[in-house]
file work.cif (mmCIF, C-alpha atoms and all ligand atoms)
data_input
loop_
_atom_site.label_atom_id
_atom_site.label_comp_id
_atom_site.auth_asym_id
_atom_site.auth_seq_id
_atom_site.Cartn_x
_atom_site.Cartn_y
_atom_site.Cartn_z
CA MET Y 1 9.35 -20.25 -8.96
CA ASP Y 2 6.68 -18.58 -11.07
CA ASN Y 3 6.83 -18.73 -14.86
CA PRO Y 4 7.96 -15.24 -16.00
CA LYS Y 5 5.27 -15.32 -18.71
CA GLN Y 6 2.66 -16.78 -16.38
CA HIS Y 7 -0.14 -14.50 -17.58
CA GLU Y 8 0.21 -15.35 -21.28
CA GLY Y 9 -3.29 -15.61 -22.76
CA ARG Y 10 -4.85 -13.72 -19.86
CA VAL Y 11 -6.54 -10.34 -19.95
CA ALA Y 12 -5.86 -7.79 -17.22
CA LEU Y 13 -7.93 -4.65 -16.72
CA ILE Y 14 -6.21 -1.91 -14.76
CA THR Y 15 -8.08 1.29 -13.96
CA GLY Y 16 -6.25 4.60 -13.80
CA ALA Y 17 -3.40 3.02 -15.74
CA ALA Y 18 -2.56 6.08 -17.83
CA SER Y 19 -0.20 7.34 -15.14
CA GLY Y 20 1.44 6.73 -11.78
CA ILE Y 21 1.01 3.42 -10.00
CA GLY Y 22 -1.51 2.03 -12.50
CA LEU Y 23 0.83 2.53 -15.44
CA GLN Y 24 3.58 0.62 -13.65
CA ILE Y 25 1.16 -2.22 -12.85
CA ALA Y 26 0.07 -2.38 -16.50
CA ARG Y 27 3.69 -2.49 -17.63
CA ASP Y 28 4.58 -5.27 -15.19
CA LEU Y 29 1.54 -7.45 -15.98
CA ALA Y 30 2.11 -6.95 -19.73
CA GLN Y 31 5.69 -8.08 -19.24
CA GLN Y 32 4.32 -11.28 -17.72
CA GLY Y 33 2.31 -11.91 -20.89
CA ALA Y 34 -1.10 -10.44 -20.05
CA THR Y 35 -3.01 -8.35 -22.56
CA VAL Y 36 -3.61 -5.19 -20.57
CA CYS Y 37 -6.65 -2.92 -20.86
CA ILE Y 38 -5.75 0.56 -19.72
CA VAL Y 39 -8.93 2.15 -18.43
CA ASP Y 40 -8.63 5.86 -17.78
CA ARG Y 41 -10.56 9.08 -18.27
CA ASN Y 42 -7.47 10.75 -19.74
CA GLY Y 43 -7.71 9.55 -23.34
CA PRO Y 44 -4.43 10.88 -24.76
CA ALA Y 45 -2.43 9.63 -21.76
CA ALA Y 46 -4.14 6.23 -21.91
CA GLU Y 47 -3.34 5.89 -25.63
CA GLN Y 48 0.24 6.94 -24.96
CA ALA Y 49 0.56 4.37 -22.15
CA ALA Y 50 -0.82 1.59 -24.36
CA GLU Y 51 1.55 2.58 -27.16
CA ALA Y 52 4.51 2.58 -24.76
CA ILE Y 53 3.66 -0.94 -23.59
CA ARG Y 54 3.25 -2.18 -27.16
CA SER Y 55 6.63 -0.68 -28.06
CA GLU Y 56 8.11 -2.71 -25.18
CA GLY Y 57 6.70 -5.87 -26.81
CA GLY Y 58 3.56 -6.15 -24.69
CA GLN Y 59 -0.09 -6.25 -25.70
CA ALA Y 60 -2.14 -3.28 -24.60
CA LEU Y 61 -5.23 -1.31 -25.49
CA ALA Y 62 -6.72 1.87 -24.09
CA LEU Y 63 -10.33 2.29 -23.04
CA VAL Y 64 -11.39 5.83 -22.23
CA LEU Y 65 -13.93 5.82 -19.42
CA ASP Y 66 -14.93 8.16 -16.63
CA LEU Y 67 -15.36 5.84 -13.67
CA ALA Y 68 -17.62 8.39 -11.98
CA ASP Y 69 -20.21 7.60 -14.65
CA THR Y 70 -21.64 4.21 -13.68
CA GLU Y 71 -23.65 3.88 -16.89
CA ALA Y 72 -20.57 4.51 -19.02
CA VAL Y 73 -18.67 1.91 -16.96
CA GLN Y 74 -21.39 -0.70 -17.58
CA HIS Y 75 -21.40 0.14 -21.29
CA GLY Y 76 -17.59 0.00 -21.53
CA MET Y 77 -17.58 -3.38 -19.78
CA ASP Y 78 -20.22 -4.72 -22.20
CA GLY Y 79 -17.85 -3.89 -25.07
CA LEU Y 80 -14.80 -5.39 -23.35
CA LEU Y 81 -16.59 -8.60 -22.40
CA GLN Y 82 -17.89 -8.99 -25.94
CA ARG Y 83 -14.36 -8.71 -27.21
CA PHE Y 84 -12.52 -10.81 -24.60
CA LEU Y 85 -15.28 -12.98 -23.04
CA ALA Y 86 -13.48 -12.78 -19.70
CA ILE Y 87 -11.23 -10.53 -17.69
CA ASP Y 88 -8.79 -12.68 -15.71
CA ILE Y 89 -7.18 -9.95 -13.62
CA LEU Y 90 -8.82 -6.78 -12.36
CA VAL Y 91 -6.81 -4.09 -10.61
CA ASN Y 92 -9.01 -1.35 -9.17
CA ASN Y 93 -6.33 1.28 -9.04
CA ALA Y 94 -7.91 4.58 -10.15
CA GLY Y 95 -8.59 6.94 -7.31
CA VAL Y 96 -9.07 10.60 -6.55
CA VAL Y 97 -8.13 12.55 -3.47
CA SER Y 98 -8.68 16.05 -2.19
CA THR Y 99 -8.09 17.38 1.27
CA GLN Y 100 -10.29 19.69 3.26
CA PRO Y 101 -11.57 19.92 6.83
CA ALA Y 102 -14.20 17.26 7.54
CA THR Y 103 -16.82 19.87 8.33
CA SER Y 104 -16.49 21.56 4.94
CA VAL Y 105 -16.64 18.55 2.62
CA THR Y 106 -19.60 19.06 0.31
CA LEU Y 107 -22.01 16.34 -0.65
CA ALA Y 108 -20.86 16.67 -4.26
CA GLN Y 109 -17.21 16.09 -3.26
CA TRP Y 110 -18.19 13.15 -1.06
CA ASN Y 111 -20.31 11.54 -3.78
CA ASN Y 112 -17.65 12.02 -6.46
CA THR Y 113 -14.91 10.48 -4.30
CA LEU Y 114 -17.05 7.50 -3.37
CA ALA Y 115 -18.22 7.01 -6.97
CA ILE Y 116 -14.65 6.71 -8.29
CA ASN Y 117 -12.88 5.09 -5.31
CA LEU Y 118 -15.59 2.67 -4.18
CA THR Y 119 -18.63 2.33 -6.44
CA ALA Y 120 -16.64 1.82 -9.66
CA PRO Y 121 -14.53 -0.98 -8.09
CA MET Y 122 -17.75 -2.63 -6.88
CA VAL Y 123 -19.40 -2.42 -10.30
CA LEU Y 124 -16.29 -3.67 -12.13
CA THR Y 125 -15.82 -6.51 -9.66
CA GLN Y 126 -19.42 -7.63 -10.12
CA ARG Y 127 -18.99 -7.56 -13.89
CA VAL Y 128 -15.78 -9.61 -14.02
CA LEU Y 129 -16.66 -12.21 -11.39
CA PRO Y 130 -19.11 -14.48 -13.26
CA ALA Y 131 -16.53 -15.44 -15.92
CA MET Y 132 -13.76 -15.76 -13.34
CA GLN Y 133 -15.91 -18.08 -11.25
CA ALA Y 134 -16.91 -20.13 -14.30
CA ARG Y 135 -13.23 -20.53 -15.29
CA ARG Y 136 -12.23 -21.13 -11.66
CA TRP Y 137 -9.39 -18.60 -11.82
CA GLY Y 138 -9.29 -14.90 -11.19
CA ARG Y 139 -7.33 -12.22 -9.40
CA ILE Y 140 -8.72 -8.95 -8.11
CA VAL Y 141 -6.51 -6.38 -6.41
CA ASN Y 142 -7.85 -3.17 -4.92
CA ILE Y 143 -5.51 -0.25 -4.36
CA SER Y 144 -6.54 1.25 -1.05
CA SER Y 145 -4.28 3.44 1.10
CA ILE Y 146 -2.82 3.88 4.56
CA SER Y 147 -5.63 6.46 4.82
CA GLY Y 148 -8.09 3.57 4.69
CA VAL Y 149 -6.54 2.09 7.83
CA ARG Y 150 -5.59 5.14 9.90
CA ALA Y 151 -7.31 8.50 9.97
CA GLY Y 152 -5.51 11.49 8.51
CA THR Y 153 -6.29 15.19 8.59
CA GLY Y 154 -8.41 16.40 5.70
CA ARG Y 155 -9.24 12.93 4.47
CA LEU Y 156 -12.90 12.48 5.36
CA ALA Y 157 -14.06 11.40 1.89
CA TYR Y 158 -10.81 9.80 0.73
CA GLY Y 159 -10.12 7.88 3.95
CA SER Y 160 -13.73 6.72 4.21
CA SER Y 161 -13.71 5.49 0.60
CA LYS Y 162 -10.42 3.65 1.07
CA ALA Y 163 -11.57 2.05 4.36
CA ALA Y 164 -14.76 0.88 2.64
CA LEU Y 165 -12.66 -0.52 -0.22
CA ILE Y 166 -10.77 -2.66 2.31
CA ALA Y 167 -14.07 -3.84 3.79
CA MET Y 168 -15.39 -4.60 0.30
CA THR Y 169 -12.27 -6.62 -0.45
CA GLY Y 170 -13.10 -9.01 2.38
CA GLN Y 171 -16.77 -9.19 1.49
CA PHE Y 172 -16.12 -10.26 -2.09
CA ALA Y 173 -13.17 -12.46 -1.12
CA ILE Y 174 -15.06 -14.83 1.11
CA GLU Y 175 -17.98 -15.26 -1.29
CA VAL Y 176 -15.78 -16.26 -4.23
CA ALA Y 177 -12.95 -18.03 -2.40
CA ALA Y 178 -14.19 -21.50 -3.27
CA HIS Y 179 -14.18 -20.63 -6.99
CA GLY Y 180 -10.45 -20.07 -7.39
CA VAL Y 181 -10.77 -16.31 -7.31
CA THR Y 182 -8.75 -14.21 -4.87
CA VAL Y 183 -9.51 -10.63 -3.84
CA ASN Y 184 -6.88 -8.64 -1.98
CA ALA Y 185 -6.04 -5.04 -1.22
CA ILE Y 186 -2.90 -2.98 -0.94
CA ALA Y 187 -2.47 0.02 1.34
CA PRO Y 188 0.40 2.11 0.04
CA GLY Y 189 2.00 4.93 1.98
CA PHE Y 190 2.98 8.11 0.10
CA VAL Y 191 4.00 7.07 -3.40
CA ASP Y 192 6.00 9.32 -5.68
CA THR Y 193 3.35 9.94 -8.40
CA PRO Y 194 1.56 12.95 -9.95
CA MET Y 195 -1.20 12.50 -7.33
CA ILE Y 196 1.05 13.05 -4.35
CA ARG Y 197 3.05 15.79 -6.03
CA THR Y 198 -0.07 17.85 -6.73
CA LEU Y 199 -1.73 17.11 -3.40
CA HIS Y 200 1.01 17.94 -0.94
CA GLY Y 201 3.50 20.74 -0.80
CA SER Y 202 6.97 19.83 0.37
CA SER Y 203 6.30 20.72 4.02
CA ASN Y 204 3.41 18.24 4.28
CA ALA Y 205 5.44 15.61 2.51
CA ASN Y 206 8.32 16.16 4.93
CA THR Y 207 5.97 15.73 7.90
CA TYR Y 208 5.01 12.34 6.52
CA LEU Y 209 8.62 11.39 5.86
CA ASP Y 210 9.39 12.11 9.53
CA VAL Y 211 6.81 9.59 10.75
CA CYS Y 212 7.44 6.94 8.10
CA PRO Y 213 10.00 4.56 9.61
CA MET Y 214 11.82 4.25 6.27
CA HIS Y 215 11.83 8.07 5.86
CA ARG Y 216 11.18 7.99 2.13
CA PHE Y 217 8.42 7.76 -0.45
CA CYS Y 218 7.35 4.44 -1.88
CA SER Y 219 8.00 3.95 -5.59
CA PRO Y 220 5.29 2.86 -8.08
CA GLN Y 221 7.45 -0.22 -8.69
CA GLU Y 222 7.20 -1.24 -5.04
CA VAL Y 223 3.39 -1.07 -5.13
CA SER Y 224 3.29 -2.91 -8.45
CA ALA Y 225 5.53 -5.68 -7.09
CA ALA Y 226 2.89 -6.40 -4.44
CA VAL Y 227 0.14 -6.43 -7.08
CA VAL Y 228 2.17 -8.80 -9.25
CA PHE Y 229 2.61 -11.08 -6.25
CA PHE Y 230 -1.13 -11.14 -5.44
CA CYS Y 231 -1.78 -12.00 -9.10
CA SER Y 232 0.74 -14.84 -9.14
CA GLU Y 233 0.22 -18.57 -8.66
CA GLN Y 234 2.34 -18.29 -5.52
CA ALA Y 235 -0.42 -16.23 -3.90
CA SER Y 236 -3.17 -18.74 -4.73
CA PHE Y 237 -4.17 -19.32 -1.07
CA ILE Y 238 -4.07 -15.67 -0.03
CA THR Y 239 -7.39 -13.84 -0.15
CA GLY Y 240 -9.24 -11.11 1.72
CA GLN Y 241 -5.96 -9.55 2.85
CA THR Y 242 -4.76 -5.96 2.97
CA LEU Y 243 -1.02 -5.52 2.60
CA GLY Y 244 0.62 -2.31 3.72
CA VAL Y 245 3.32 -1.19 1.29
CA ASP Y 246 4.30 1.70 3.47
CA GLY Y 247 7.86 1.56 4.80
CA GLY Y 248 6.55 0.47 8.22
CA TYR Y 249 4.04 3.32 8.64
CA LEU Y 250 1.03 1.20 9.67
CA ALA Y 251 3.11 -0.89 12.05
CA SER Y 252 4.31 2.15 13.93
CA GLY Y 253 2.57 3.78 16.86
CA LEU Y 254 4.81 5.81 19.13
CA PHE Y 255 7.54 6.39 16.60
CA MET Y 256 9.91 8.80 18.28
CA PRO Y 257 13.44 8.14 17.13
CA ARG Y 258 14.77 11.21 18.92
CA LEU Y 259 13.27 10.17 22.26
CA PHE Y 260 14.91 6.75 22.18
CA GLU Y 261 18.02 7.91 20.40
CA ILE Y 262 17.69 5.59 17.44
CA PRO Y 263 20.81 6.36 15.45
CA ALA Y 264 20.06 8.42 12.35
CA ALA Y 265 20.35 6.38 9.19
CA THR Y 266 20.40 7.33 5.55
CA PRO Y 267 17.13 6.04 4.03
CA THR Y 268 17.60 3.17 1.63
CA ALA Y 269 16.79 3.96 -1.98
CA ALA Y 270 13.39 3.15 -3.51
CA ALA Y 271 13.27 0.38 -6.07
CA ALA Y 272 14.15 1.68 -9.52
N1 LIG L 301 0.28 8.39 -4.69
C1 LIG L 301 0.12 8.03 -3.44
O1 LIG L 301 0.83 8.50 -2.55
C2 LIG L 301 -0.91 7.01 -3.05
C3 LIG L 301 -0.90 6.53 -1.74
C4 LIG L 301 -1.84 5.59 -1.36
C5 LIG L 301 -2.78 5.15 -2.28
N2 LIG L 301 -2.77 5.64 -3.54
C6 LIG L 301 -3.78 5.16 -4.46
O2 LIG L 301 -3.18 4.61 -5.61
C7 LIG L 301 -4.04 4.77 -6.73
C8 LIG L 301 -3.26 5.39 -7.88
O3 LIG L 301 -2.76 6.63 -7.46
P1 LIG L 301 -1.62 7.44 -8.24
O4 LIG L 301 -0.81 8.11 -7.19
O5 LIG L 301 -0.98 6.59 -9.26
O6 LIG L 301 -2.56 8.56 -8.91
P2 LIG L 301 -2.38 9.38 -10.26
O7 LIG L 301 -3.20 10.60 -10.04
O8 LIG L 301 -0.96 9.51 -10.65
O9 LIG L 301 -3.11 8.42 -11.30
C9 LIG L 301 -4.48 8.15 -11.19
C10 LIG L 301 -5.02 7.80 -12.55
O10 LIG L 301 -6.42 7.55 -12.39
C11 LIG L 301 -7.11 8.23 -13.42
N3 LIG L 301 -8.44 8.58 -12.96
C12 LIG L 301 -8.76 9.42 -11.96
N4 LIG L 301 -10.10 9.53 -11.89
C13 LIG L 301 -10.62 8.77 -12.88
C14 LIG L 301 -11.94 8.54 -13.33
N5 LIG L 301 -13.01 9.12 -12.78
N6 LIG L 301 -12.13 7.67 -14.36
C15 LIG L 301 -11.05 7.08 -14.97
N7 LIG L 301 -9.79 7.32 -14.59
C16 LIG L 301 -9.57 8.16 -13.56
C17 LIG L 301 -6.28 9.48 -13.72
O11 LIG L 301 -6.55 9.99 -15.01
C18 LIG L 301 -4.87 8.94 -13.58
O12 LIG L 301 -4.37 8.44 -14.79
C19 LIG L 301 -5.21 5.63 -6.25
O13 LIG L 301 -6.31 4.81 -5.95
C20 LIG L 301 -4.68 6.26 -4.98
O14 LIG L 301 -5.70 6.59 -4.08
C21 LIG L 301 -1.85 6.56 -3.96
#

call {"tool": "encode", "arguments": {"input": "work.cif", "output": "C-alpha cells", "more": "lines below"}}
Ligand SMILES: NC(=O)c1ccc[n+]([C@@H]2O[C@H](COP(=O)([O-])OP(=O)(O)OC[C@H]3O[C@@H](n4cnc5c(N)ncnc54)[C@H](O)[C@@H]3O)[C@@H](O)[C@H]2O)c1
result
Amino acid sequence: MDNPKQHEGRVALITGAASGIGLQIARDLAQQGATVCIVDRNGPAAEQAAEAIRSEGGQALALVLDLADTEAVQHGMDGLLQRFLAIDILVNNAGVVSTQPATSVTLAQWNNTLAINLTAPMVLTQRVLPAMQARRWGRIVNISSISGVRAGTGRLAYGSSKAALIAMTGQFAIEVAAHGVTVNAIAPGFVDTPMIRTLHGSSNANTYLDVCPMHRFCSPQEVSAAVVFFCSEQASFITGQTLGVDGGYLASGLFMPRLFEIPAATPTAAAA
C-alpha cells in the first residue's frame, strides 16, 4: 500500500491546472504532499486554484505562462528550476481543441494546436529530465485523448497533436527508463469539464454517449486517479504506456447494443 503522503518534499508541475482535469490533478497530488506548481495562461484562475489548494492544507503556487510561447516557457522554467532545483513530477495536461473540417484547418490553427499540445510538453520534458535522471526518480504523465488513438470528425489538428503526444511518450520513456524515470500517457474519453462543455452542443455529446460503452462522461477525478497511479511507487515498472480512461470506448469496435439486444442498463455514476 502506498504512503498517503508519498510525495512529501516533491515538486509537481501541472500545466493547465487552473481548471478542469488539471485542477483535480493538482488537488490530488497536493493532498499526497507534493508542492504543486499550477502553470496556466489564465492568471486569475491559476491564483484562485493555488489559493484553494492552500486553504485545503496543501502547498501550491501559480505560474502564469502561455505555453504557445516557447521562449516564455523556457524563461518560466529557468525561474522555477532556480527556486526548486528539480521538478519531480511533470503532468503535461494543458491542451486546446477546436473542430473544423480537415480541409479548412488553417496553418495558424494547426501551428497553435501543435505548439500547446505537443511542443510545450516536449520542451518541458526536456527541461525537467536532467534533474530527474540525476536523482534517479521522476514521473512524467502526458494527457492525450481518445482522439490521439482513433480518428474523429473535425479533429485534424487536435487528433494529430494527441497522437504525436502518445508517440513522444514512448520515445522519451525508453531513453530514460534506466534512470528511474517513467513517462506514461492517458487517453481520456469525453470528460465533464469547461473544454467539453464549450466544444460540443448536447446533440454531439449524446452521439458520443451512445457509442461509449459506459454511456456517460468521465469525471476529472477518474482521470486524476490514473495520473496519481502513474506517479505512485506502485507504478515504478510501468513506462511508455497509454492508458485509456474512457468507459470502454477504445476497446469497442462494432458496438451495437440494439443489434445484439444487450439489455439496457442505467449508467453507473461517475466518481464524485
Ligand atoms: N475534456 C475532455 O473531454 C477531454 C478529453 C480528452 C482529453 N482531454 C485533454 O485533457 C486536458 C485538459 O482538458 P480540460 O478538459 O481539463 O480542459 P479545460 O479547458 O477545462 O482546461 C484547460 C486548461 O489549460 C489552460 N491552457 C490552455 N491553453 C493554454 C496555454 N497556451 N498556456 C497555458 N495554459 C493553457 C486553460 O487556461 C485551462 O485552465 C487537455 O489536454 C485535453 O486535450 C480532455

call {"tool": "closest_residue", "arguments": {"input": "work.cif", "among": "Y:Arg54, Y:Lys162, Y:Arg127, Y:Arg136", "to": "ligand LIG 301 (chain L)", "atoms": "only C-alpha atoms and all ligand atoms"}}
result
Y:Lys162

call {"tool": "residues_around", "arguments": {"input": "work.cif", "residues": "Y:Ala17", "least_positions_apart": "6", "cutoff": "10 Å", "atoms": "all atoms listed in the file", "output": "PyMOL selection string"}}
result
chain Y and resi 23-27+36-42+45-46+49-50+62+91-94

call {"tool": "write_last_selection", "arguments": {"input": "work.cif", "atoms": "C-alpha atoms", "output": "compact mmCIF listing (two decimals), keeping the file's coordinate frame"}}
result
# COMPACT_ATOMS: atom_id res chain seq x y z
CA LEU Y 23 0.83 2.53 -15.44
CA GLN Y 24 3.58 0.62 -13.65
CA ILE Y 25 1.16 -2.22 -12.85
CA ALA Y 26 0.07 -2.38 -16.50
CA ARG Y 27 3.69 -2.49 -17.63
CA VAL Y 36 -3.61 -5.19 -20.57
CA CYS Y 37 -6.65 -2.92 -20.86
CA ILE Y 38 -5.75 0.56 -19.72
CA VAL Y 39 -8.93 2.15 -18.43
CA ASP Y 40 -8.63 5.86 -17.78
CA ARG Y 41 -10.56 9.08 -18.27
CA ASN Y 42 -7.47 10.75 -19.74
CA ALA Y 45 -2.43 9.63 -21.76
CA ALA Y 46 -4.14 6.23 -21.91
CA ALA Y 49 0.56 4.37 -22.15
CA ALA Y 50 -0.82 1.59 -24.36
CA ALA Y 62 -6.72 1.87 -24.09
CA VAL Y 91 -6.81 -4.09 -10.61
CA ASN Y 92 -9.01 -1.35 -9.17
CA ASN Y 93 -6.33 1.28 -9.04
CA ALA Y 94 -7.91 4.58 -10.15

call {"tool": "closest_residue", "arguments": {"input": "work.cif", "among": "Y:Val183, Y:Ala270, Y:Leu107, Y:Val73", "to": "Y:Ile140", "atoms": "all atoms listed in the file"}}
result
Y:Val183

call {"tool": "residues_near_ligand", "arguments": {"input": "work.cif", "ligand": "ligand LIG 301 (chain L)", "cutoff": "6 Å", "atoms": "only C-alpha atoms and all ligand atoms", "output": "PyMOL selection string"}}
result
chain Y and resi 16-22+40-42+65-68+93-96+116+143-145+188-196

call {"tool": "atom_distance", "arguments": {"input": "work.cif", "atom1": "atom CA of Y:Gly152", "atom2": "atom CA of Y:Ser219"}}
result
20.9 Å

call {"tool": "residues_around", "arguments": {"input": "work.cif", "residues": "Y:Pro4", "least_positions_apart": "3", "cutoff": "9 Å", "atoms": "all atoms listed in the file", "output": "JSON, numbers by chain"}}
result
{"Y": [1, 7, 31, 32, 33]}

call {"tool": "residues_near_point", "arguments": {"input": "work.cif", "point": "(-15.8, -5.2, 0.0)", "cutoff": "10 Å", "atoms": "all atoms listed in the file", "output": "list in words"}}
result
Leu118, Pro121, Met122, Thr125, Asn142, Ala163, Ala164, Leu165, Ile166, Ala167, Met168, Thr169, Gly170, Gln171, Phe172, Ala173, Ile174, Val183, Asn184, Ala185 and Gly240 of chain Y

call {"tool": "atom_distance", "arguments": {"input": "work.cif", "atom1": "atom CA of Y:Glu56", "atom2": "atom CA of Y:Ala30"}}
result
9.1 Å

call {"tool": "closest_residue", "arguments": {"input": "work.cif", "among": "Y:Gly148, Y:Gly253, Y:Pro267, Y:Gly138", "to": "Y:Ser236", "atoms": "all atoms listed in the file"}}
result
Y:Gly138

call {"tool": "closest_residue", "arguments": {"input": "work.cif", "among": "Y:His215, Y:Arg10, Y:His75, Y:Arg150", "to": "Y:Ile89", "atoms": "all atoms listed in the file"}}
result
Y:Arg10

call {"tool": "atom_distance", "arguments": {"input": "work.cif", "atom1": "atom CA of Y:Thr119", "atom2": "atom CA of Y:Thr106"}}
result
18.1 Å

call {"tool": "residues_around", "arguments": {"input": "work.cif", "residues": "Y:Gln133", "least_positions_apart": "4", "cutoff": "8 Å", "atoms": "all atoms listed in the file", "output": "MDAnalysis selection string"}}
result
chainID Y and resid 129 137:138 176 179:181
